[in-house]
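Text of model_38.txt, listed as compact mmCIF, C-alpha atoms and all ligand atoms:
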# COMPACT_ATOMS: atom_id res chain seq x y z
CA MET C 133 3.64 2.66 14.27
CA THR C 134 2.42 6.23 14.47
CA PHE C 135 3.25 8.95 12.02
CA LYS C 136 1.29 11.76 10.42
CA THR C 137 0.13 11.41 6.84
CA LEU C 138 -1.42 13.71 4.25
CA ASP C 139 -4.76 12.91 5.88
CA ASP C 140 -3.61 15.08 8.78
CA LEU C 141 -2.76 17.93 6.44
CA THR C 142 -5.90 19.97 5.98
CA ASP C 143 -6.02 23.66 5.18
CA ILE C 144 -2.77 23.81 3.30
CA ALA C 145 -3.84 26.13 0.49
CA GLY C 146 -1.07 28.68 0.01
CA LYS C 147 1.33 26.84 2.34
CA ARG C 148 4.86 26.08 1.11
CA VAL C 149 5.32 22.31 1.37
CA LEU C 150 8.84 20.91 1.01
CA VAL C 151 8.46 17.37 -0.33
CA ARG C 152 11.45 15.00 -0.26
CA VAL C 153 11.06 12.63 -3.19
CA ASP C 154 13.17 9.97 -4.91
CA LEU C 155 13.94 11.18 -8.43
CA ASN C 156 17.16 9.20 -8.73
CA VAL C 157 16.07 7.76 -12.08
CA PRO C 158 18.31 6.14 -14.70
CA VAL C 159 19.25 8.52 -17.52
CA LYS C 160 20.88 7.69 -20.84
CA ASP C 161 21.87 10.27 -23.45
CA GLY C 162 19.99 12.94 -21.50
CA LYS C 163 16.73 10.93 -21.45
CA VAL C 164 15.05 9.19 -18.50
CA THR C 165 14.94 5.49 -19.38
CA ASP C 166 12.70 4.34 -16.52
CA ALA C 167 10.22 6.74 -14.89
CA THR C 168 9.00 4.30 -12.21
CA ARG C 169 10.35 6.38 -9.34
CA ILE C 170 8.66 9.52 -10.66
CA GLU C 171 5.39 7.60 -11.04
CA ARG C 172 5.64 6.41 -7.43
CA VAL C 173 5.80 9.94 -5.99
CA ALA C 174 3.28 11.48 -8.38
CA PRO C 175 0.22 10.80 -6.15
CA THR C 176 1.68 12.78 -3.25
CA ILE C 177 2.72 15.69 -5.45
CA LEU C 178 -0.64 15.86 -7.24
CA GLU C 179 -2.64 15.54 -4.01
CA LEU C 180 -0.77 18.43 -2.40
CA SER C 181 -1.05 20.53 -5.55
CA LYS C 182 -4.79 19.86 -5.77
CA LYS C 183 -5.21 20.98 -2.17
CA GLY C 184 -3.65 24.32 -3.19
CA ALA C 185 -0.24 23.89 -1.60
CA LYS C 186 2.88 25.35 -3.18
CA VAL C 187 4.70 22.09 -3.82
CA ILE C 188 8.50 22.34 -3.61
CA LEU C 189 10.36 19.15 -4.50
CA LEU C 190 13.68 18.20 -2.90
CA ALA C 191 15.73 15.31 -4.21
CA HIS C 192 19.22 14.03 -4.82
CA PHE C 193 20.50 12.75 -8.13
CA GLY C 194 23.61 10.63 -8.47
CA ARG C 195 26.66 11.12 -6.26
CA PRO C 196 28.04 14.60 -6.94
CA LYS C 197 29.98 14.70 -3.62
CA GLY C 198 28.95 18.13 -2.41
CA GLU C 199 29.50 20.26 -5.50
CA PRO C 200 27.64 21.01 -8.73
CA VAL C 201 28.21 18.52 -11.55
CA ALA C 202 26.49 19.36 -14.85
CA ASP C 203 25.39 15.84 -15.78
CA GLN C 204 23.91 15.30 -12.33
CA SER C 205 21.62 18.32 -12.49
CA LEU C 206 17.97 17.62 -11.75
CA GLY C 207 17.25 20.08 -14.56
CA LEU C 208 17.80 17.10 -16.88
CA ILE C 209 14.75 15.28 -15.61
CA VAL C 210 12.26 18.18 -15.47
CA PRO C 211 10.69 17.14 -18.81
CA ALA C 212 10.13 13.59 -17.51
CA VAL C 213 8.56 14.89 -14.28
CA LYS C 214 6.25 17.16 -16.30
CA ASP C 215 5.26 14.21 -18.50
CA VAL C 216 4.36 11.99 -15.57
CA LEU C 217 2.53 14.69 -13.62
CA GLY C 218 0.80 16.21 -16.65
CA GLN C 219 1.42 19.65 -15.11
CA PRO C 220 3.97 22.43 -15.51
CA VAL C 221 7.02 22.05 -13.27
CA ALA C 222 9.28 25.04 -12.51
CA PHE C 223 12.98 24.54 -11.76
CA ALA C 224 15.43 26.47 -9.57
CA GLU C 225 19.16 26.17 -10.14
CA ASP C 226 19.91 25.86 -6.44
CA CYS C 227 18.08 24.24 -3.54
CA ILE C 228 18.98 27.04 -1.07
CA GLY C 229 19.80 30.75 -1.19
CA ASP C 230 18.56 33.53 -3.49
CA LYS C 231 17.81 31.38 -6.54
CA ALA C 232 15.66 28.98 -4.53
CA LYS C 233 13.92 31.80 -2.68
CA ALA C 234 13.10 33.71 -5.88
CA ALA C 235 11.59 30.57 -7.43
CA VAL C 236 9.57 29.79 -4.31
CA ASP C 237 8.33 33.41 -4.04
CA ALA C 238 7.08 33.18 -7.62
CA LEU C 239 4.84 30.16 -6.88
CA LYS C 240 1.07 30.44 -6.94
CA ASP C 241 -1.19 28.07 -5.02
CA GLY C 242 -1.03 24.57 -6.54
CA ASP C 243 2.20 25.25 -8.46
CA ILE C 244 5.01 22.70 -8.51
CA LEU C 245 8.71 23.57 -8.27
CA LEU C 246 11.73 21.28 -8.41
CA LEU C 247 14.86 22.51 -6.62
CA GLU C 248 18.34 21.54 -7.81
CA ASN C 249 20.12 18.42 -6.51
CA THR C 250 20.49 18.64 -2.72
CA ARG C 251 23.83 16.79 -2.96
CA PHE C 252 25.37 19.78 -4.78
CA HIS C 253 25.97 21.01 -1.20
CA LYS C 254 28.23 19.22 1.29
CA GLY C 255 25.75 20.01 4.08
CA GLU C 256 23.20 17.53 2.66
CA GLU C 257 25.05 14.31 3.45
CA LYS C 258 26.55 15.79 6.63
CA ASN C 259 23.08 16.72 7.86
CA ASP C 260 24.62 20.10 8.61
CA ALA C 261 22.52 22.41 10.80
CA ASP C 262 23.07 25.58 8.74
CA PHE C 263 22.31 23.84 5.46
CA THR C 264 19.17 22.30 6.94
CA LYS C 265 18.08 25.74 8.14
CA ALA C 266 18.66 27.15 4.66
CA LEU C 267 16.42 24.42 3.20
CA ALA C 268 13.76 24.97 5.87
CA ALA C 269 13.66 28.72 5.11
CA ASN C 270 11.66 27.92 1.96
CA GLY C 271 8.97 25.79 3.59
CA ASP C 272 6.17 25.80 6.15
CA ILE C 273 5.65 22.04 6.16
CA TYR C 274 7.86 19.01 5.40
CA VAL C 275 6.61 15.86 3.70
CA ASN C 276 8.95 12.88 3.24
CA ASP C 277 7.92 10.57 0.41
CA ALA C 278 11.35 9.01 -0.15
CA PHE C 279 11.47 5.75 1.82
CA SER C 280 14.35 4.65 -0.42
CA ALA C 281 16.53 7.39 1.13
CA ALA C 282 15.27 6.88 4.69
CA HIS C 283 18.25 4.77 5.77
CA ARG C 284 20.40 7.88 5.49
CA ALA C 285 20.33 10.70 8.04
CA HIS C 286 20.79 13.55 5.58
CA ALA C 287 19.51 17.13 5.80
CA SER C 288 16.64 16.56 3.38
CA THR C 289 15.74 13.08 4.67
CA GLU C 290 16.08 13.56 8.43
CA GLY C 291 17.26 17.03 9.49
CA LEU C 292 14.27 18.92 8.09
CA ALA C 293 11.82 16.88 10.16
CA HIS C 294 13.31 18.50 13.29
CA LEU C 295 12.68 22.02 11.98
CA LEU C 296 9.26 21.79 10.33
CA PRO C 297 5.99 19.94 11.03
CA ALA C 298 6.71 16.56 9.39
CA TYR C 299 4.45 14.15 7.51
CA ALA C 300 4.79 10.93 5.53
CA GLY C 301 3.81 11.16 1.87
CA ARG C 302 1.57 8.53 0.26
CA THR C 303 4.41 6.35 -1.02
CA MET C 304 6.24 6.44 2.29
CA GLN C 305 2.95 5.65 4.04
CA ALA C 306 2.25 2.65 1.78
CA GLU C 307 5.79 1.33 2.27
CA LEU C 308 5.64 1.69 6.06
CA GLU C 309 2.21 0.06 6.27
CA ALA C 310 3.41 -2.86 4.15
CA LEU C 311 6.58 -3.33 6.18
CA GLU C 312 4.59 -3.23 9.41
CA LYS C 313 2.45 -6.09 8.06
CA GLY C 314 5.58 -7.93 6.88
CA LEU C 315 7.71 -8.03 10.01
CA GLY C 316 6.65 -5.27 12.43
CA ASN C 317 3.42 -6.83 13.57
CA PRO C 318 2.78 -9.74 11.21
CA LYS C 319 0.11 -12.44 11.09
CA ARG C 320 1.78 -15.77 11.88
CA PRO C 321 3.16 -18.05 10.70
CA VAL C 322 5.66 -15.79 8.99
CA VAL C 323 7.90 -17.41 6.38
CA ALA C 324 10.95 -15.69 4.90
CA ILE C 325 12.59 -16.69 1.64
CA VAL C 326 16.16 -15.52 1.27
CA GLY C 327 18.14 -16.32 -1.83
CA GLY C 328 20.65 -14.63 -4.05
CA ALA C 329 24.31 -15.09 -4.59
CA LYS C 330 26.19 -14.72 -1.35
CA VAL C 331 25.83 -15.11 2.40
CA SER C 332 28.47 -12.40 2.92
CA THR C 333 26.11 -9.66 1.70
CA LYS C 334 23.24 -10.90 3.85
CA ILE C 335 24.64 -11.93 7.24
CA ASP C 336 22.83 -9.17 9.15
CA LEU C 337 19.63 -9.90 7.28
CA LEU C 338 19.72 -13.65 8.02
CA SER C 339 20.65 -13.05 11.67
CA ASN C 340 17.73 -10.68 12.13
CA LEU C 341 15.20 -12.86 10.31
CA VAL C 342 15.82 -16.01 12.34
CA LYS C 343 14.76 -14.07 15.44
CA LYS C 344 11.55 -12.83 13.83
CA VAL C 345 10.15 -15.47 11.49
CA ASP C 346 8.78 -18.97 12.00
CA ALA C 347 10.57 -20.48 9.02
CA LEU C 348 13.46 -19.35 6.86
CA VAL C 349 13.82 -20.82 3.39
CA ILE C 350 17.37 -20.47 2.11
CA GLY C 351 17.91 -20.80 -1.64
CA GLY C 352 20.14 -19.45 -4.37
CA GLY C 353 23.91 -19.56 -4.28
CA MET C 354 23.95 -18.81 -0.57
CA ALA C 355 22.27 -22.13 0.20
CA ASN C 356 25.51 -23.82 -0.89
CA THR C 357 27.41 -22.11 1.91
CA PHE C 358 24.93 -23.54 4.43
CA LEU C 359 25.01 -26.98 2.81
CA ALA C 360 28.82 -27.04 2.79
CA ALA C 361 28.90 -25.93 6.44
CA ARG C 362 26.68 -28.93 7.17
CA GLY C 363 29.14 -31.23 5.36
CA THR C 364 27.46 -31.54 1.96
CA ASN C 365 29.78 -31.58 -1.03
CA VAL C 366 28.67 -28.76 -3.34
CA GLY C 367 31.07 -29.43 -6.21
CA LYS C 368 31.91 -26.34 -8.27
CA SER C 369 28.88 -24.38 -6.98
CA LEU C 370 29.22 -20.80 -5.87
CA CYS C 371 30.06 -21.22 -2.18
CA GLU C 372 31.75 -19.13 0.50
CA HIS C 373 33.60 -21.83 2.39
CA ASP C 374 35.19 -19.24 4.68
CA LEU C 375 31.72 -18.40 6.01
CA ALA C 376 31.01 -21.91 7.31
CA ASP C 377 31.14 -20.72 10.93
CA THR C 378 28.81 -17.82 10.19
CA ALA C 379 26.34 -20.20 8.54
CA LYS C 380 26.55 -22.59 11.51
CA GLN C 381 25.96 -19.73 13.95
CA ILE C 382 22.87 -18.64 12.02
CA MET C 383 21.54 -22.23 12.20
CA ILE C 384 22.25 -22.35 15.95
CA ASP C 385 20.48 -19.00 16.49
CA ALA C 386 17.54 -20.23 14.44
CA ALA C 387 17.20 -23.38 16.53
CA ALA C 388 17.34 -21.31 19.73
CA ALA C 389 14.62 -18.97 18.43
CA GLY C 390 12.39 -21.79 17.19
CA CYS C 391 12.81 -20.81 13.55
CA ALA C 392 12.83 -23.71 11.07
CA ILE C 393 15.58 -23.51 8.45
CA ILE C 394 14.66 -25.01 5.10
CA LEU C 395 17.58 -25.89 2.84
CA PRO C 396 17.26 -27.40 -0.66
CA GLU C 397 16.73 -31.18 -0.92
CA ASP C 398 17.69 -31.27 -4.58
CA GLY C 399 19.32 -29.02 -7.14
CA VAL C 400 19.50 -28.34 -10.85
CA VAL C 401 23.16 -28.67 -11.80
CA ALA C 402 25.10 -27.60 -14.89
CA ARG C 403 28.72 -27.35 -15.99
CA GLU C 404 28.46 -23.84 -17.42
CA PHE C 405 26.84 -20.63 -16.17
CA LYS C 406 24.86 -19.81 -19.30
CA ALA C 407 21.32 -19.86 -20.65
CA GLY C 408 20.29 -23.27 -21.94
CA ALA C 409 23.31 -25.04 -20.46
CA ASP C 410 22.94 -28.85 -20.27
CA ASN C 411 21.51 -29.62 -16.86
CA GLU C 412 20.13 -32.35 -14.64
CA VAL C 413 18.29 -32.65 -11.34
CA VAL C 414 20.23 -34.34 -8.54
CA ALA C 415 19.62 -35.05 -4.87
CA ILE C 416 21.49 -32.50 -2.78
CA ASP C 417 23.96 -35.10 -1.44
CA LYS C 418 24.76 -36.25 -5.01
CA ILE C 419 26.14 -33.06 -6.55
CA PRO C 420 28.82 -34.13 -9.07
CA ALA C 421 32.29 -32.80 -8.26
CA ASP C 422 32.56 -31.02 -11.63
CA ALA C 423 29.06 -29.44 -11.59
CA MET C 424 27.44 -26.42 -9.98
CA VAL C 425 23.95 -25.93 -8.60
CA LEU C 426 22.20 -23.14 -10.49
CA ASP C 427 18.67 -23.61 -9.19
CA VAL C 428 16.89 -25.53 -6.45
CA GLY C 429 15.19 -28.68 -7.73
CA PRO C 430 11.50 -29.70 -8.01
CA LYS C 431 11.35 -31.44 -4.59
CA SER C 432 12.71 -28.28 -2.98
CA VAL C 433 10.13 -26.18 -4.82
CA GLU C 434 7.40 -28.45 -3.45
CA ALA C 435 8.74 -27.91 0.07
CA VAL C 436 8.97 -24.14 -0.40
CA ASN C 437 5.43 -23.99 -1.78
CA ALA C 438 4.14 -26.07 1.13
CA TRP C 439 5.63 -23.47 3.49
CA ILE C 440 4.06 -20.68 1.43
CA SER C 441 0.71 -22.50 1.74
CA ARG C 442 1.11 -22.69 5.52
CA ALA C 443 2.19 -19.06 5.89
CA GLU C 444 -0.04 -16.08 6.64
CA THR C 445 2.84 -13.73 5.88
CA LEU C 446 5.74 -14.05 3.44
CA VAL C 447 8.81 -11.83 3.28
CA TRP C 448 11.09 -12.43 0.31
CA ASN C 449 14.51 -11.21 -0.70
CA GLY C 450 16.76 -12.93 -3.23
CA PRO C 451 15.95 -15.39 -6.05
CA LEU C 452 16.09 -19.17 -5.50
CA GLY C 453 18.33 -19.67 -8.51
CA ALA C 454 20.18 -17.93 -11.32
CA PHE C 455 16.87 -16.63 -12.66
CA GLU C 456 18.49 -14.50 -15.40
CA ILE C 457 19.42 -17.61 -17.38
CA ALA C 458 16.67 -20.08 -18.37
CA PRO C 459 15.88 -22.75 -17.33
CA PHE C 460 17.44 -21.86 -13.96
CA ASP C 461 14.58 -19.43 -13.31
CA ALA C 462 12.10 -22.30 -12.84
CA ALA C 463 12.08 -22.54 -9.03
CA THR C 464 11.92 -18.77 -8.49
CA VAL C 465 9.07 -18.46 -11.00
CA ALA C 466 7.12 -21.41 -9.52
CA ALA C 467 7.39 -20.13 -5.94
CA ALA C 468 6.58 -16.57 -7.03
CA LYS C 469 3.46 -17.75 -8.85
CA HIS C 470 2.30 -19.77 -5.88
CA ALA C 471 2.81 -16.82 -3.52
CA ALA C 472 0.92 -14.59 -5.96
CA ASP C 473 -2.00 -17.07 -6.14
CA ARG C 474 -2.25 -17.27 -2.37
CA THR C 475 -2.09 -13.49 -2.11
CA ARG C 476 -4.84 -13.05 -4.71
CA GLU C 477 -7.01 -15.50 -2.76
CA GLY C 478 -6.59 -13.25 0.27
CA ALA C 479 -4.79 -16.01 2.19
CA LEU C 480 -1.33 -14.45 2.29
CA ILE C 481 0.36 -11.12 2.91
CA SER C 482 3.41 -11.05 0.65
CA VAL C 483 6.14 -8.44 0.88
CA ALA C 484 9.23 -8.58 -1.33
CA GLY C 485 12.16 -6.34 -2.17
CA GLY C 486 15.70 -6.18 -3.54
CA GLY C 487 16.95 -5.20 -6.99
CA ASP C 488 17.16 -8.69 -8.44
CA THR C 489 14.11 -9.88 -6.53
CA VAL C 490 11.97 -7.18 -8.13
CA ALA C 491 13.41 -8.15 -11.54
CA ALA C 492 12.66 -11.83 -10.84
CA LEU C 493 9.05 -11.13 -9.79
CA ASN C 494 8.57 -9.02 -12.92
CA HIS C 495 10.06 -11.85 -14.96
CA ALA C 496 7.53 -14.22 -13.35
CA GLY C 497 4.79 -11.69 -14.21
CA VAL C 498 3.49 -11.51 -10.64
CA ALA C 499 4.92 -8.30 -9.13
CA ASP C 500 1.47 -6.66 -9.20
CA ASP C 501 -0.10 -9.60 -7.38
CA PHE C 502 2.11 -9.35 -4.31
CA THR C 503 0.79 -7.31 -1.40
CA TYR C 504 3.81 -5.04 -1.69
CA VAL C 505 6.96 -5.02 -3.76
CA SER C 506 9.49 -2.52 -2.50
CA THR C 507 11.74 -0.80 -5.00
CA ALA C 508 13.62 0.93 -2.19
CA GLY C 509 16.81 -1.13 -2.45
CA GLY C 510 19.21 -0.27 0.39
CA ALA C 511 16.52 1.05 2.73
CA PHE C 512 14.46 -2.13 2.28
CA LEU C 513 17.45 -4.34 3.04
CA GLU C 514 18.35 -2.31 6.14
CA TRP C 515 14.76 -2.69 7.28
CA MET C 516 15.03 -6.47 6.77
CA GLU C 517 18.24 -6.35 8.77
CA GLY C 518 16.30 -4.78 11.64
CA LYS C 519 18.34 -1.58 11.53
CA PRO C 520 16.85 1.76 12.48
CA LEU C 521 15.90 3.99 9.56
CA PRO C 522 16.62 7.58 10.61
CA GLY C 523 14.24 9.14 8.07
CA VAL C 524 11.40 6.95 9.38
CA ASP C 525 12.24 7.22 13.08
CA VAL C 526 12.13 11.01 12.98
CA LEU C 527 8.63 10.91 11.47
CA GLN C 528 7.51 8.61 14.27
CA GLN C 529 8.87 10.83 17.02
CA LYS C 530 6.74 13.69 15.83
P1 LIG C 601 18.67 -8.90 -4.55
O1 LIG C 601 19.27 -7.93 -5.56
O2 LIG C 601 17.20 -9.11 -4.79
O3 LIG C 601 18.99 -8.53 -3.13
P2 LIG C 601 20.89 -10.71 -4.82
O4 LIG C 601 21.67 -9.63 -5.52
O5 LIG C 601 21.32 -11.10 -3.47
O6 LIG C 601 19.34 -10.34 -4.82
O7 LIG C 601 20.93 -12.06 -5.68
C1 LIG C 601 20.70 -12.13 -7.05
C2 LIG C 601 21.75 -12.92 -7.75
O8 LIG C 601 21.94 -14.21 -7.20
C3 LIG C 601 21.39 -13.13 -9.19
O9 LIG C 601 22.34 -12.48 -10.01
C4 LIG C 601 21.43 -14.65 -9.38
O10 LIG C 601 21.97 -15.05 -10.60
C5 LIG C 601 22.32 -15.07 -8.24
N1 LIG C 601 22.12 -16.49 -7.91
C6 LIG C 601 21.01 -17.08 -7.43
N2 LIG C 601 21.19 -18.40 -7.29
C7 LIG C 601 22.44 -18.67 -7.70
C8 LIG C 601 23.22 -19.87 -7.80
N3 LIG C 601 22.71 -21.05 -7.44
N4 LIG C 601 24.49 -19.77 -8.27
C9 LIG C 601 24.98 -18.57 -8.64
N5 LIG C 601 24.30 -17.41 -8.56
C10 LIG C 601 23.05 -17.46 -8.11
MG MG C 602 21.27 -7.75 -6.31

Entire entry expressed as structure tokens:
Amino acid sequence: MTFKTLDDLTDIAGKRVLVRVDLNVPVKDGKVTDATRIERVAPTILELSKKGAKVILLAHFGRPKGEPVADQSLGLIVPAVKDVLGQPVAFAEDCIGDKAKAAVDALKDGDILLLENTRFHKGEEKNDADFTKALAANGDIYVNDAFSAAHRAHASTEGLAHLLPAYAGRTMQAELEALEKGLGNPKRPVVAIVGGAKVSTKIDLLSNLVKKVDALVIGGGMANTFLAARGTNVGKSLCEHDLADTAKQIMIDAAAAGCAIILPEDGVVAREFKAGADNEVVAIDKIPADAMVLDVGPKSVEAVNAWISRAETLVWNGPLGAFEIAPFDAATVAAAKHAADRTREGALISVAGGGDTVAALNHAGVADDFTYVSTAGGAFLEWMEGKPLPGVDVLQQK
């Protein structure tokens, strides 16, 4: 993978640098409730500012559908950005036109300016040429630090890279380097763990992984669909019986590619989906007709951990069980801890992502011990599905 980074950007004092960032933070009653995304892009912003660039931030916020919507104004989050950066942050009420230009013209070297929500214009999501030109008019250089938006070919995530010299920001760089280690050019054996609720949301992901990894561990609710396709009675478990053929095809493709598929040998079953529900461990071919599997059992955890011990690289998306309700978090937590231990020992490269997966790793207290935990959501999943990411591809062409 070749792309330019901030290391290639010398001599930028006084230059206008348009930086695409992810500031799509959760807001409640006008206050930012989780500043993680701002914290992630802070290093890029501060590095450029320190080098004397005029730093002009571009971002979307919510889904305003091409016109201004008051409660989706980026003006709302300026105080939070200032707090995280520890520096003054100017704001312009439009991302193009006279208001943007006046704010950019007023910048001194090292100043930071946030432009209004790019999605207030229809041209953003259409990647419209005129809109992209209007954005580019305010910059000399383009830096993309928003991997989480890189699966979309929008004006600020893709179009601008065709008009200005384009570079990856530090967060984008870290994400791309981690993903390259995870599946691009990984140390083998590579083991993938895929869990979560449903096969239907992860067909492309499973189909891509079986071609790339040496072993695929399937857990969570989706394991039931595979077990049922194989003829196992899964009782009242979450199961997509209509996807039996899809599950079979994935197993056939795996066999053809030499990828081992590891399904649970035992399960923790309950009669209710709630924390503390009465539960028991059963062999996977002994699931009672009136019970549902809410977690993989201890024998399965042993098998998963043995694969983690064998692996040089681990890619993980989706919890092994209903981790939100104890004690059905046990398998996910045990496997997460083992992966974290191996990573800390320097024996494993571990890359994980997905909304619930990140929550599960935080719950297990090991997110910081993984080699990389992606908070990119959709872009991470599309990467795992082997789909091209337009915002990344355009950086690589340059
Ligand atoms: P991610 O957001 O990381 O991509 P998913 O959304 O695919 O992960 O999966 C997470 C969900 O899967 C959780 O809400 C969890 O409760 C559910 N889940 C995992 N195992 C089971 C199971 N055995 N039965 C029902 N739901 C499950
Ligand atoms: Mg989810």

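Contact shell of Met304 (chain C) at 8 Å (only C-alpha atoms; same-chain neighbours under 4 positions omitted): C:Asn276, C:Asp277, C:Ala278, C:Phe279, C:Ala300, C:Leu308.
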
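A distance cut-off of 8 Å from ligand MG 602 (chain C), applied to all atoms listed in the file, picks out the residues Gly328, Gly450, Gly486, Gly487, Asp488 and Thr489 of chain C.
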
List all protein, DNA and RNA residues that have an atom no more than 8 Å from any atom of ligand LIG 601 (chain C), counting only C-alpha atoms and all ligand atoms, and report them as a ChimeraX atom specification. /C:327-330,333-334,351-356,369-370,424-428,449-457,485-491,509,513

Hey, what's within 7 Å of Ala423 (chain C) if we count all atoms listed in the file and toss same-chain stuff fewer than 4 positions away? As a list in words, please? Gly367, Lys368, Ser369, Val401, Ala402, Arg403 and Ile419 of chain C

Have a look at CA of Leu375 (chain C) and CA of Glu404 (chain C) and let me know their distance in Å, one decimal.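 Distance reported for this atom pair: 24.3 Å.
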
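What separates CA of Asp262 (chain C) from CA of Lys147 (chain C) is a distance of 22.7 Å.
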
Please identify all polymer residues within 6 Å of Asp226 (chain C), counting only C-alpha atoms, omitting same-chain residues fewer than 5 positions from it, and present them as a compact mmCIF listing (two decimals) with C-alpha atoms, keeping the file's coordinate frame.
# COMPACT_ATOMS: atom_id res chain seq x y z
CA LYS C 231 17.81 31.38 -6.54
CA ALA C 232 15.66 28.98 -4.53
CA GLU C 248 18.34 21.54 -7.81
